[in-house]
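*Asks:* I have a structure here, written as structure tokens, and I will follow up with some questions on it.
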Amino acid sequence: MSDDAPLESDRLDGAPHPRETARLFGHAAPEAEFLSAATSGRLPHGWLLTGPKGIGKATCAWRAARFLLAIPPAQDDGLFGAPPPPESLDIDPEHPVNRRLLALSDPGLFLLRRPVDDKDAKKLKTVITVDEVRGLKGFFQMSAGDGRRVVIVDSADEMNPSAANALLKELEEPPEGAVLFLISHRPSGLLPTIRSRCRTLRFNALEDADLAAALLQAGAEPPEGPALATLAQGSVGAAITLTEQGGPALYADIARLLETLPNMDRQLALKLAESTAGKANEARFDLTLSLLETALSRAARMGATGQTPIEIVPNEAQTLACLAPTPAKARDWANLAQSLTARARQGKAVNLDPAALIFDIFLDLDRTAARLAA
């Protein structure tokens with residue numbers, strides 16, 4: 001992110017903000033479900049948008065908010081009846097509501113997200129606190145009688161317990177005309193009472209063609225070959241992050257390291273570990289763990305099912321088959337992947353050396369490969 005770009009917790013580096021995204025690819029079904037409810041006269045006040053991170057949930061929420069604020073509720077126009085209902089959520093880019101939303105100046109919208117840290121203007125708070133949720137009361141009071149009011153919570157997963165309970169009270173007794181969109185990548189972590197008071201819209205991972213189209217719209221290059229598309233698992237956000245951080249090349253190095261087990265290439269292991277050292281490489285540390293989990297999960301899945309996946313890198317299938325030739329060994333790798341990466345993240349949280357944590361993981365992988373081979 002450039003130095004003069006706004007610090008926004010719901011904006012992905014290298015991509016336009018969801019409010020700036022014109023089209024939504026691959027999610028016709030949830031959009032149609034919302035449109036049907038919005039034009040039926042029985043619009044639920046709470047909506048929970050669920051699915052993997054970075055696949056378009058927030059874009060859909062902003063499209064729905066734009067629609068609700070720009071299109072008045074259907075009314076009977078006397079002798080001639082009501083006009084035909086809209087057939088999509090599309091709103092003219094020049095519509096005043098659209099311009100106000102882009103500027104975050106529409107009085108009918110409240111955006112609930114992690115704010116800038118009070119003590120450091122260059123950082124964001126790690127959670128949404130109860131103070132941010134309390135701002136809803138003033139919003140609803142000041143906008144009373146002004147028609148629809150829309151709230152976007154991005155993401156609901158980031159609320160601390162006090163904030164979640166405060167939002168629950170608003171969901172239990174919503175003001176007239178209020179509609180709340182809660183975006184969640186892990187809905188199982190939300191309060192059951194919050195989930196029960198919302199209608200759920202489920203979003204699935206994008207197909208390759210929709211992923212490519214969404215990347216083009218975001219100003220990124222569509223994936224060439226299977227590496228980026230497979231690693232991104234249908235997520236535009238993941239694809240952009242992987243591209244920005246050199247994910248496909250890093251995965252190729254991890255696959256090459258796994259190929260040397262149980263006689264690990266220590267030079268390569270040291271190179272990969274040292275690339276995660278220091279505060280400036282925190283993202284590289286997280287990406288290394290994530291891609292290592294992906295590789296071991298693919299080995300476990302192949303060993304459990306016997307099905308060969310599409311190769312992300314050459315000779316990957318042979319490497320995975322050697323690691324997990326049977327379902328029993330596949331289970332060992334699956335369990336190890338979870339325990340090792342969880343341990344590394346815990347170590348990082350207490351400021352242990354990230355390079356040492358990564359190298360220790362590689363040593364454990366080498367020992368495990370030797371044990372399973374024996």
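Ordering of the structure tokens sets the chain letters (A, B, ...), residue numbers begin anew at 1 in every chain, and ligands are numbered from 1 in the order given.
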I'd like the contact shell of Leu206 of chain A - 12 Å cut-off, only C-alpha atoms, skipping same-chain residues fewer than 5 positions apart - returned as a list in words.
*Replies:*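 The residues satisfying every condition are Leu24, Phe25, Gly26, His27, Ala28, Gly51, Pro52, Lys53, Gly54, Ile55, Gly56, Lys57, Leu211, Ala212, Ala213, Ala214, Leu215, Ala229, Thr230, Ala232, Gln233, Gly234, Ser235, Val236, Gly237, Ala238 and Ala239 of chain A.
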*Asks:* Write the selection just made, keeping C-alpha atoms, as an mmCIF file, in the first residue's frame?
*Replies:*
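Contents of the output file selection36.cif:
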data_model
loop_
_atom_site.group_PDB
_atom_site.id
_atom_site.type_symbol
_atom_site.label_atom_id
_atom_site.label_comp_id
_atom_site.auth_asym_id
_atom_site.auth_seq_id
_atom_site.Cartn_x
_atom_site.Cartn_y
_atom_site.Cartn_z
ATOM 1 C CA LEU A 24 -19.362 -9.389 -9.016
ATOM 2 C CA PHE A 25 -18.304 -12.580 -10.765
ATOM 3 C CA GLY A 26 -19.417 -16.111 -10.008
ATOM 4 C CA HIS A 27 -22.066 -15.374 -7.372
ATOM 5 C CA ALA A 28 -25.307 -15.038 -9.310
ATOM 6 C CA GLY A 51 -17.592 -18.244 2.571
ATOM 7 C CA PRO A 52 -13.808 -18.245 2.071
ATOM 8 C CA LYS A 53 -11.977 -14.970 2.419
ATOM 9 C CA GLY A 54 -11.446 -12.867 -0.679
ATOM 10 C CA ILE A 55 -14.110 -14.381 -2.951
ATOM 11 C CA GLY A 56 -16.484 -11.407 -3.240
ATOM 12 C CA LYS A 57 -18.649 -11.335 -0.088
ATOM 13 C CA LEU A 211 -11.379 -15.939 -10.936
ATOM 14 C CA ALA A 212 -9.567 -14.747 -14.051
ATOM 15 C CA ALA A 213 -12.305 -12.199 -14.841
ATOM 16 C CA ALA A 214 -12.304 -10.875 -11.274
ATOM 17 C CA LEU A 215 -8.524 -10.523 -11.313
ATOM 18 C CA ALA A 229 -5.333 -20.648 -9.587
ATOM 19 C CA THR A 230 -4.856 -23.856 -7.565
ATOM 20 C CA ALA A 232 -5.663 -19.383 -4.536
ATOM 21 C CA GLN A 233 -8.474 -21.958 -4.190
ATOM 22 C CA GLY A 234 -10.998 -19.751 -5.936
ATOM 23 C CA SER A 235 -10.205 -16.591 -3.957
ATOM 24 C CA VAL A 236 -9.409 -13.324 -5.732
ATOM 25 C CA GLY A 237 -7.919 -11.932 -2.542
ATOM 26 C CA ALA A 238 -5.660 -14.953 -2.100
ATOM 27 C CA ALA A 239 -4.568 -14.790 -5.746
#
*Asks:* If we count only C-alpha atoms, what is near segment 199-202 of chain A at a cut-off of 12 Å, once residues fewer than 6 positions away on the same chain are taken out, given as a PDB file with all heavy atoms, in the first residue's frame?
*Replies:*
ATOM      1  N   HIS A  27     -21.157 -15.265  -8.523  1.00  0.00           N
ATOM      2  CA  HIS A  27     -22.066 -15.374  -7.372  1.00  0.00           C
ATOM      3  C   HIS A  27     -23.480 -14.931  -7.739  1.00  0.00           C
ATOM      4  O   HIS A  27     -24.135 -14.188  -6.998  1.00  0.00           O
ATOM      5  CB  HIS A  27     -21.540 -14.550  -6.205  1.00  0.00           C
ATOM      6  CG  HIS A  27     -20.179 -14.955  -5.742  1.00  0.00           C
ATOM      7  ND1 HIS A  27     -19.882 -16.235  -5.320  1.00  0.00           N
ATOM      8  CD2 HIS A  27     -19.016 -14.251  -5.665  1.00  0.00           C
ATOM      9  CE1 HIS A  27     -18.602 -16.302  -4.977  1.00  0.00           C
ATOM     10  NE2 HIS A  27     -18.054 -15.121  -5.185  1.00  0.00           N
ATOM     11  N   ALA A  28     -23.965 -15.405  -8.869  1.00  0.00           N
ATOM     12  CA  ALA A  28     -25.307 -15.038  -9.310  1.00  0.00           C
ATOM     13  C   ALA A  28     -26.378 -15.533  -8.338  1.00  0.00           C
ATOM     14  O   ALA A  28     -27.379 -14.845  -8.108  1.00  0.00           O
ATOM     15  CB  ALA A  28     -25.571 -15.595 -10.710  1.00  0.00           C
ATOM     16  N   ALA A  29     -26.172 -16.713  -7.759  1.00  0.00           N
ATOM     17  CA  ALA A  29     -27.203 -17.298  -6.885  1.00  0.00           C
ATOM     18  C   ALA A  29     -27.432 -16.477  -5.617  1.00  0.00           C
ATOM     19  O   ALA A  29     -28.579 -16.122  -5.308  1.00  0.00           O
ATOM     20  CB  ALA A  29     -26.843 -18.742  -6.547  1.00  0.00           C
ATOM     21  N   PRO A  30     -26.393 -16.144  -4.826  1.00  0.00           N
ATOM     22  CA  PRO A  30     -26.673 -15.329  -3.628  1.00  0.00           C
ATOM     23  C   PRO A  30     -27.185 -13.938  -3.968  1.00  0.00           C
ATOM     24  O   PRO A  30     -28.021 -13.393  -3.237  1.00  0.00           O
ATOM     25  CB  PRO A  30     -25.320 -15.283  -2.903  1.00  0.00           C
ATOM     26  CG  PRO A  30     -24.303 -15.703  -3.898  1.00  0.00           C
ATOM     27  CD  PRO A  30     -24.992 -16.606  -4.850  1.00  0.00           C
ATOM     28  N   GLU A  31     -26.713 -13.354  -5.082  1.00  0.00           N
ATOM     29  CA  GLU A  31     -27.242 -12.043  -5.475  1.00  0.00           C
ATOM     30  C   GLU A  31     -28.726 -12.143  -5.806  1.00  0.00           C
ATOM     31  O   GLU A  31     -29.518 -11.278  -5.417  1.00  0.00           O
ATOM     32  CB  GLU A  31     -26.461 -11.498  -6.670  1.00  0.00           C
ATOM     33  CG  GLU A  31     -25.226 -10.720  -6.295  1.00  0.00           C
ATOM     34  CD  GLU A  31     -24.957  -9.556  -7.239  1.00  0.00           C
ATOM     35  OE1 GLU A  31     -25.611  -9.472  -8.292  1.00  0.00           O
ATOM     36  OE2 GLU A  31     -24.101  -8.726  -6.909  1.00  0.00           O
ATOM     37  N   ALA A  32     -29.100 -13.201  -6.532  1.00  0.00           N
ATOM     38  CA  ALA A  32     -30.507 -13.374  -6.900  1.00  0.00           C
ATOM     39  C   ALA A  32     -31.362 -13.611  -5.661  1.00  0.00           C
ATOM     40  O   ALA A  32     -32.502 -13.122  -5.575  1.00  0.00           O
ATOM     41  CB  ALA A  32     -30.645 -14.529  -7.877  1.00  0.00           C
ATOM     42  N   GLU A  33     -30.832 -14.341  -4.692  1.00  0.00           N
ATOM     43  CA  GLU A  33     -31.582 -14.604  -3.454  1.00  0.00           C
ATOM     44  C   GLU A  33     -31.838 -13.300  -2.699  1.00  0.00           C
ATOM     45  O   GLU A  33     -32.948 -13.057  -2.212  1.00  0.00           O
ATOM     46  CB  GLU A  33     -30.801 -15.579  -2.572  1.00  0.00           C
ATOM     47  CG  GLU A  33     -31.534 -15.964  -1.305  1.00  0.00           C
ATOM     48  CD  GLU A  33     -30.779 -16.979  -0.463  1.00  0.00           C
ATOM     49  OE1 GLU A  33     -29.859 -17.639  -0.994  1.00  0.00           O
ATOM     50  OE2 GLU A  33     -31.107 -17.111   0.733  1.00  0.00           O
ATOM     51  N   PHE A  34     -30.814 -12.457  -2.623  1.00  0.00           N
ATOM     52  CA  PHE A  34     -31.015 -11.174  -1.936  1.00  0.00           C
ATOM     53  C   PHE A  34     -31.977 -10.290  -2.705  1.00  0.00           C
ATOM     54  O   PHE A  34     -32.862  -9.659  -2.115  1.00  0.00           O
ATOM     55  CB  PHE A  34     -29.686 -10.445  -1.747  1.00  0.00           C
ATOM     56  CG  PHE A  34     -29.869  -9.066  -1.187  1.00  0.00           C
ATOM     57  CD1 PHE A  34     -30.099  -8.880   0.163  1.00  0.00           C
ATOM     58  CD2 PHE A  34     -29.881  -7.946  -2.016  1.00  0.00           C
ATOM     59  CE1 PHE A  34     -30.320  -7.610   0.686  1.00  0.00           C
ATOM     60  CE2 PHE A  34     -30.092  -6.677  -1.515  1.00  0.00           C
ATOM     61  CZ  PHE A  34     -30.312  -6.506  -0.155  1.00  0.00           C
ATOM     62  N   LEU A  35     -31.822 -10.221  -4.031  1.00  0.00           N
ATOM     63  CA  LEU A  35     -32.691  -9.366  -4.845  1.00  0.00           C
ATOM     64  C   LEU A  35     -34.149  -9.786  -4.691  1.00  0.00           C
ATOM     65  O   LEU A  35     -35.045  -8.935  -4.581  1.00  0.00           O
ATOM     66  CB  LEU A  35     -32.266  -9.438  -6.305  1.00  0.00           C
ATOM     67  CG  LEU A  35     -33.073  -8.592  -7.285  1.00  0.00           C
ATOM     68  CD1 LEU A  35     -32.942  -7.115  -6.959  1.00  0.00           C
ATOM     69  CD2 LEU A  35     -32.620  -8.857  -8.716  1.00  0.00           C
ATOM     70  N   ALA A  37     -35.544 -11.204  -2.108  1.00  0.00           N
ATOM     71  CA  ALA A  37     -36.032 -10.769  -0.800  1.00  0.00           C
ATOM     72  C   ALA A  37     -36.242  -9.259  -0.766  1.00  0.00           C
ATOM     73  O   ALA A  37     -37.225  -8.768  -0.199  1.00  0.00           O
ATOM     74  CB  ALA A  37     -35.041 -11.192   0.285  1.00  0.00           C
ATOM     75  N   LEU A  43     -38.115  -7.956   3.471  1.00  0.00           N
ATOM     76  CA  LEU A  43     -36.659  -7.933   3.525  1.00  0.00           C
ATOM     77  C   LEU A  43     -36.174  -8.195   4.950  1.00  0.00           C
ATOM     78  O   LEU A  43     -36.459  -7.413   5.864  1.00  0.00           O
ATOM     79  CB  LEU A  43     -36.148  -6.567   3.045  1.00  0.00           C
ATOM     80  CG  LEU A  43     -34.632  -6.362   3.047  1.00  0.00           C
ATOM     81  CD1 LEU A  43     -33.960  -7.299   2.056  1.00  0.00           C
ATOM     82  CD2 LEU A  43     -34.298  -4.910   2.728  1.00  0.00           C
ATOM     83  N   PRO A  44     -35.423  -9.268   5.203  1.00  0.00           N
ATOM     84  CA  PRO A  44     -34.857  -9.494   6.544  1.00  0.00           C
ATOM     85  C   PRO A  44     -33.913  -8.356   6.921  1.00  0.00           C
ATOM     86  O   PRO A  44     -33.241  -7.775   6.065  1.00  0.00           O
ATOM     87  CB  PRO A  44     -34.092 -10.819   6.388  1.00  0.00           C
ATOM     88  CG  PRO A  44     -34.722 -11.502   5.209  1.00  0.00           C
ATOM     89  CD  PRO A  44     -35.124 -10.389   4.280  1.00  0.00           C
ATOM     90  N   HIS A  45     -33.835  -8.069   8.209  1.00  0.00           N
ATOM     91  CA  HIS A  45     -32.991  -6.954   8.646  1.00  0.00           C
ATOM     92  C   HIS A  45     -31.544  -7.377   8.847  1.00  0.00           C
ATOM     93  O   HIS A  45     -30.651  -6.527   8.897  1.00  0.00           O
ATOM     94  CB  HIS A  45     -33.546  -6.359   9.952  1.00  0.00           C
ATOM     95  CG  HIS A  45     -33.428  -7.293  11.118  1.00  0.00           C
ATOM     96  ND1 HIS A  45     -34.412  -8.202  11.434  1.00  0.00           N
ATOM     97  CD2 HIS A  45     -32.442  -7.477  12.033  1.00  0.00           C
ATOM     98  CE1 HIS A  45     -34.047  -8.899  12.499  1.00  0.00           C
ATOM     99  NE2 HIS A  45     -32.866  -8.482  12.880  1.00  0.00           N
ATOM    100  N   GLY A  46     -31.289  -8.671   8.993  1.00  0.00           N
ATOM    101  CA  GLY A  46     -29.932  -9.148   9.216  1.00  0.00           C
ATOM    102  C   GLY A  46     -29.512 -10.153   8.164  1.00  0.00           C
ATOM    103  O   GLY A  46     -30.253 -11.095   7.867  1.00  0.00           O
ATOM    104  N   TRP A  47     -28.326  -9.958   7.600  1.00  0.00           N
ATOM    105  CA  TRP A  47     -27.796 -10.859   6.571  1.00  0.00           C
ATOM    106  C   TRP A  47     -26.378 -11.262   6.953  1.00  0.00           C
ATOM    107  O   TRP A  47     -25.541 -10.407   7.295  1.00  0.00           O
ATOM    108  CB  TRP A  47     -27.771 -10.175   5.201  1.00  0.00           C
ATOM    109  CG  TRP A  47     -29.144  -9.912   4.648  1.00  0.00           C
ATOM    110  CD1 TRP A  47     -29.946  -8.847   4.929  1.00  0.00           C
ATOM    111  CD2 TRP A  47     -29.871 -10.739   3.739  1.00  0.00           C
ATOM    112  NE1 TRP A  47     -31.135  -8.956   4.248  1.00  0.00           N
ATOM    113  CE2 TRP A  47     -31.117 -10.107   3.496  1.00  0.00           C
ATOM    114  CE3 TRP A  47     -29.596 -11.937   3.080  1.00  0.00           C
ATOM    115  CZ2 TRP A  47     -32.078 -10.632   2.645  1.00  0.00           C
ATOM    116  CZ3 TRP A  47     -30.548 -12.473   2.227  1.00  0.00           C
ATOM    117  CH2 TRP A  47     -31.770 -11.834   2.019  1.00  0.00           C
ATOM    118  N   LEU A  48     -26.105 -12.570   6.883  1.00  0.00           N
ATOM    119  CA  LEU A  48     -24.786 -13.098   7.179  1.00  0.00           C
ATOM    120  C   LEU A  48     -24.194 -13.653   5.886  1.00  0.00           C
ATOM    121  O   LEU A  48     -24.711 -14.624   5.326  1.00  0.00           O
ATOM    122  CB  LEU A  48     -24.876 -14.199   8.244  1.00  0.00           C
ATOM    123  CG  LEU A  48     -23.571 -14.843   8.692  1.00  0.00           C
ATOM    124  CD1 LEU A  48     -22.642 -13.802   9.308  1.00  0.00           C
ATOM    125  CD2 LEU A  48     -23.848 -15.962   9.698  1.00  0.00           C
ATOM    126  N   LEU A  49     -23.142 -13.030   5.412  1.00  0.00           N
ATOM    127  CA  LEU A  49     -22.499 -13.426   4.151  1.00  0.00           C
ATOM    128  C   LEU A  49     -21.285 -14.280   4.502  1.00  0.00           C
ATOM    129  O   LEU A  49     -20.328 -13.786   5.120  1.00  0.00           O
ATOM    130  CB  LEU A  49     -22.071 -12.204   3.343  1.00  0.00           C
ATOM    131  CG  LEU A  49     -23.176 -11.420   2.619  1.00  0.00           C
ATOM    132  CD1 LEU A  49     -24.166 -10.786   3.582  1.00  0.00           C
ATOM    133  CD2 LEU A  49     -22.569 -10.351   1.724  1.00  0.00           C
ATOM    134  N   THR A  50     -21.330 -15.568   4.142  1.00  0.00           N
ATOM    135  CA  THR A  50     -20.292 -16.500   4.565  1.00  0.00           C
ATOM    136  C   THR A  50     -19.591 -17.130   3.369  1.00  0.00           C
ATOM    137  O   THR A  50     -20.151 -17.226   2.275  1.00  0.00           O
ATOM    138  CB  THR A  50     -20.884 -17.619   5.431  1.00  0.00           C
ATOM    139  OG1 THR A  50     -21.730 -18.465   4.623  1.00  0.00           O
ATOM    140  CG2 THR A  50     -21.717 -17.056   6.579  1.00  0.00           C
ATOM    141  N   GLY A  51     -18.383 -17.580   3.607  1.00  0.00           N
ATOM    142  CA  GLY A  51     -17.592 -18.244   2.571  1.00  0.00           C
ATOM    143  C   GLY A  51     -16.129 -17.910   2.741  1.00  0.00           C
ATOM    144  O   GLY A  51     -15.753 -17.098   3.600  1.00  0.00           O
ATOM    145  N   PRO A  52     -15.251 -18.511   1.950  1.00  0.00           N
ATOM    146  CA  PRO A  52     -13.808 -18.245   2.071  1.00  0.00           C
ATOM    147  C   PRO A  52     -13.486 -16.766   1.901  1.00  0.00           C
ATOM    148  O   PRO A  52     -14.212 -16.024   1.237  1.00  0.00           O
ATOM    149  CB  PRO A  52     -13.199 -19.086   0.936  1.00  0.00           C
ATOM    150  CG  PRO A  52     -14.214 -20.148   0.648  1.00  0.00           C
ATOM    151  CD  PRO A  52     -15.544 -19.529   0.920  1.00  0.00           C
ATOM    152  N   ILE A  55     -13.409 -13.859  -1.772  1.00  0.00           N
ATOM    153  CA  ILE A  55     -14.110 -14.381  -2.951  1.00  0.00           C
ATOM    154  C   ILE A  55     -15.225 -13.466  -3.445  1.00  0.00           C
ATOM    155  O   ILE A  55     -15.869 -13.768  -4.447  1.00  0.00           O
ATOM    156  CB  ILE A  55     -14.693 -15.786  -2.693  1.00  0.00           C
ATOM    157  CG1 ILE A  55     -15.707 -15.760  -1.547  1.00  0.00           C
ATOM    158  CG2 ILE A  55     -13.604 -16.785  -2.411  1.00  0.00           C
ATOM    159  CD1 ILE A  55     -16.461 -17.054  -1.389  1.00  0.00           C
ATOM    160  N   GLY A  56     -15.476 -12.349  -2.746  1.00  0.00           N
ATOM    161  CA  GLY A  56     -16.484 -11.407  -3.240  1.00  0.00           C
ATOM    162  C   GLY A  56     -17.618 -11.106  -2.282  1.00  0.00           C
ATOM    163  O   GLY A  56     -18.568 -10.418  -2.658  1.00  0.00           O
ATOM    164  N   LYS A  57     -17.557 -11.584  -1.032  1.00  0.00           N
ATOM    165  CA  LYS A  57     -18.649 -11.335  -0.088  1.00  0.00           C
ATOM    166  C   LYS A  57     -18.826  -9.839   0.169  1.00  0.00           C
ATOM    167  O   LYS A  57     -19.948  -9.328   0.179  1.00  0.00           O
ATOM    168  CB  LYS A  57     -18.383 -12.076   1.229  1.00  0.00           C
ATOM    169  CG  LYS A  57     -18.227 -13.572   1.093  1.00  0.00           C
ATOM    170  CD  LYS A  57     -18.120 -14.271   2.443  1.00  0.00           C
ATOM    171  CE  LYS A  57     -16.950 -13.806   3.264  1.00  0.00           C
ATOM    172  NZ  LYS A  57     -15.639 -14.093   2.616  1.00  0.00           N
ATOM    173  N   ALA A  58     -17.708  -9.151   0.399  1.00  0.00           N
ATOM    174  CA  ALA A  58     -17.799  -7.713   0.677  1.00  0.00           C
ATOM    175  C   ALA A  58     -18.284  -6.947  -0.549  1.00  0.00           C
ATOM    176  O   ALA A  58     -19.068  -5.995  -0.425  1.00  0.00           O
ATOM    177  CB  ALA A  58     -16.441  -7.185   1.134  1.00  0.00           C
ATOM    178  N   CYS A  60     -20.351  -8.009  -2.751  1.00  0.00           N
ATOM    179  CA  CYS A  60     -21.802  -8.220  -2.790  1.00  0.00           C
ATOM    180  C   CYS A  60     -22.502  -7.349  -1.751  1.00  0.00           C
ATOM    181  O   CYS A  60     -23.559  -6.779  -2.026  1.00  0.00           O
ATOM    182  CB  CYS A  60     -22.129  -9.695  -2.559  1.00  0.00           C
ATOM    183  SG  CYS A  60     -23.883 -10.076  -2.715  1.00  0.00           S
ATOM    184  N   ALA A  61     -21.923  -7.225  -0.564  1.00  0.00           N
ATOM    185  CA  ALA A  61     -22.534  -6.397   0.479  1.00  0.00           C
ATOM    186  C   ALA A  61     -22.620  -4.939   0.036  1.00  0.00           C
ATOM    187  O   ALA A  61     -23.638  -4.272   0.253  1.00  0.00           O
ATOM    188  CB  ALA A  61     -21.734  -6.506   1.777  1.00  0.00           C
ATOM    189  N   LEU A 171     -29.258  -6.343  16.588  1.00  0.00           N
ATOM    190  CA  LEU A 171     -29.938  -7.334  15.751  1.00  0.00           C
ATOM    191  C   LEU A 171     -31.257  -7.780  16.379  1.00  0.00           C
ATOM    192  O   LEU A 171     -32.209  -8.114  15.668  1.00  0.00           O
ATOM    193  CB  LEU A 171     -29.036  -8.549  15.525  1.00  0.00           C
ATOM    194  CG  LEU A 171     -27.879  -8.369  14.552  1.00  0.00           C
ATOM    195  CD1 LEU A 171     -26.911  -9.550  14.643  1.00  0.00           C
ATOM    196  CD2 LEU A 171     -28.394  -8.242  13.117  1.00  0.00           C
ATOM    197  N   VAL A 179     -30.958  -2.394   7.754  1.00  0.00           N
ATOM    198  CA  VAL A 179     -30.501  -3.674   7.216  1.00  0.00           C
ATOM    199  C   VAL A 179     -29.021  -3.797   7.534  1.00  0.00           C
ATOM    200  O   VAL A 179     -28.229  -2.895   7.219  1.00  0.00           O
ATOM    201  CB  VAL A 179     -30.724  -3.779   5.693  1.00  0.00           C
ATOM    202  CG1 VAL A 179     -30.270  -5.145   5.177  1.00  0.00           C
ATOM    203  CG2 VAL A 179     -32.190  -3.538   5.346  1.00  0.00           C
ATOM    204  N   LEU A 180     -28.643  -4.907   8.167  1.00  0.00           N
ATOM    205  CA  LEU A 180     -27.259  -5.127   8.568  1.00  0.00           C
ATOM    206  C   LEU A 180     -26.665  -6.281   7.775  1.00  0.00           C
ATOM    207  O   LEU A 180     -27.250  -7.370   7.713  1.00  0.00           O
ATOM    208  CB  LEU A 180     -27.160  -5.429  10.065  1.00  0.00           C
ATOM    209  CG  LEU A 180     -27.495  -4.287  11.037  1.00  0.00           C
ATOM    210  CD1 LEU A 180     -29.002  -4.199  11.270  1.00  0.00           C
ATOM    211  CD2 LEU A 180     -26.786  -4.484  12.380  1.00  0.00           C
ATOM    212  N   PHE A 181     -25.491  -6.048   7.182  1.00  0.00           N
ATOM    213  CA  PHE A 181     -24.757  -7.079   6.446  1.00  0.00           C
ATOM    214  C   PHE A 181     -23.507  -7.444   7.252  1.00  0.00           C
ATOM    215  O   PHE A 181     -22.616  -6.606   7.439  1.00  0.00           O
ATOM    216  CB  PHE A 181     -24.344  -6.578   5.059  1.00  0.00           C
ATOM    217  CG  PHE A 181     -25.501  -6.273   4.149  1.00  0.00           C
ATOM    218  CD1 PHE A 181     -25.932  -4.964   3.974  1.00  0.00           C
ATOM    219  CD2 PHE A 181     -26.157  -7.287   3.478  1.00  0.00           C
ATOM    220  CE1 PHE A 181     -26.992  -4.673   3.131  1.00  0.00           C
ATOM    221  CE2 PHE A 181     -27.225  -7.012   2.640  1.00  0.00           C
ATOM    222  CZ  PHE A 181     -27.650  -5.705   2.466  1.00  0.00           C
ATOM    223  N   LEU A 182     -23.451  -8.684   7.706  1.00  0.00           N
ATOM    224  CA  LEU A 182     -22.306  -9.170   8.463  1.00  0.00           C
ATOM    225  C   LEU A 182     -21.483 -10.088   7.558  1.00  0.00           C
ATOM    226  O   LEU A 182     -21.996 -11.099   7.059  1.00  0.00           O
ATOM    227  CB  LEU A 182     -22.759  -9.951   9.706  1.00  0.00           C
ATOM    228  CG  LEU A 182     -23.187  -9.154  10.935  1.00  0.00           C
ATOM    229  CD1 LEU A 182     -24.420  -8.298  10.634  1.00  0.00           C
ATOM    230  CD2 LEU A 182     -23.475 -10.090  12.093  1.00  0.00           C
ATOM    231  N   ILE A 183     -20.240  -9.730   7.323  1.00  0.00           N
ATOM    232  CA  ILE A 183     -19.354 -10.528   6.479  1.00  0.00           C
ATOM    233  C   ILE A 183     -18.521 -11.422   7.386  1.00  0.00           C
ATOM    234  O   ILE A 183     -17.888 -10.932   8.330  1.00  0.00           O
ATOM    235  CB  ILE A 183     -18.451  -9.609   5.634  1.00  0.00           C
ATOM    236  CG1 ILE A 183     -19.316  -8.774   4.688  1.00  0.00           C
ATOM    237  CG2 ILE A 183     -17.426 -10.430   4.845  1.00  0.00           C
ATOM    238  CD1 ILE A 183     -18.608  -7.583   4.105  1.00  0.00           C
ATOM    239  N   SER A 184     -18.531 -12.719   7.110  1.00  0.00           N
ATOM    240  CA  SER A 184     -17.820 -13.659   7.979  1.00  0.00           C
ATOM    241  C   SER A 184     -17.121 -14.730   7.156  1.00  0.00           C
ATOM    242  O   SER A 184     -17.731 -15.376   6.313  1.00  0.00           O
ATOM    243  CB  SER A 184     -18.786 -14.316   8.970  1.00  0.00           C
ATOM    244  OG  SER A 184     -18.115 -15.307   9.732  1.00  0.00           O
ATOM    245  N   HIS A 185     -15.830 -14.909   7.441  1.00  0.00           N
ATOM    246  CA  HIS A 185     -15.070 -15.980   6.809  1.00  0.00           C
ATOM    247  C   HIS A 185     -15.122 -17.252   7.659  1.00  0.00           C
ATOM    248  O   HIS A 185     -14.846 -18.347   7.165  1.00  0.00           O
ATOM    249  CB  HIS A 185     -13.609 -15.561   6.627  1.00  0.00           C
ATOM    250  CG  HIS A 185     -13.437 -14.117   6.251  1.00  0.00           C
ATOM    251  ND1 HIS A 185     -14.056 -13.558   5.148  1.00  0.00           N
ATOM    252  CD2 HIS A 185     -12.732 -13.110   6.837  1.00  0.00           C
ATOM    253  CE1 HIS A 185     -13.725 -12.274   5.080  1.00  0.00           C
ATOM    254  NE2 HIS A 185     -12.944 -11.986   6.088  1.00  0.00           N
ATOM    255  N   ARG A 186     -15.467 -17.090   8.944  1.00  0.00           N
ATOM    256  CA  ARG A 186     -15.545 -18.237   9.870  1.00  0.00           C
ATOM    257  C   ARG A 186     -16.821 -18.101  10.703  1.00  0.00           C
ATOM    258  O   ARG A 186     -16.760 -17.769  11.896  1.00  0.00           O
ATOM    259  CB  ARG A 186     -14.322 -18.268  10.785  1.00  0.00           C
ATOM    260  CG  ARG A 186     -12.991 -18.373  10.052  1.00  0.00           C
ATOM    261  CD  ARG A 186     -11.815 -18.415  11.045  1.00  0.00           C
ATOM    262  NE  ARG A 186     -11.846 -17.292  11.980  1.00  0.00           N
ATOM    263  CZ  ARG A 186     -11.362 -16.090  11.718  1.00  0.00           C
ATOM    264  NH1 ARG A 186     -10.819 -15.842  10.540  1.00  0.00           N
ATOM    265  NH2 ARG A 186     -11.428 -15.126  12.620  1.00  0.00           N
ATOM    266  N   PRO A 187     -17.966 -18.356  10.126  1.00  0.00           N
ATOM    267  CA  PRO A 187     -19.221 -18.132  10.863  1.00  0.00           C
ATOM    268  C   PRO A 187     -19.363 -18.998  12.109  1.00  0.00           C
ATOM    269  O   PRO A 187     -20.085 -18.636  13.036  1.00  0.00           O
ATOM    270  CB  PRO A 187     -20.304 -18.461   9.824  1.00  0.00           C
ATOM    271  CG  PRO A 187     -19.618 -19.311   8.802  1.00  0.00           C
ATOM    272  CD  PRO A 187     -18.206 -18.824   8.755  1.00  0.00           C
TER     273      PRO A 187
END
*Asks:* Extract, using only C-alpha atoms, all DNA, RNA and protein residues at most 7 Å from segment 261-275 of chain A, discarding same-chain residues fewer than 3 positions from it, and format them as a ChimeraX atom specification.
*Replies:* /A:257-258,355-356,358-359,362,366-367,369-370
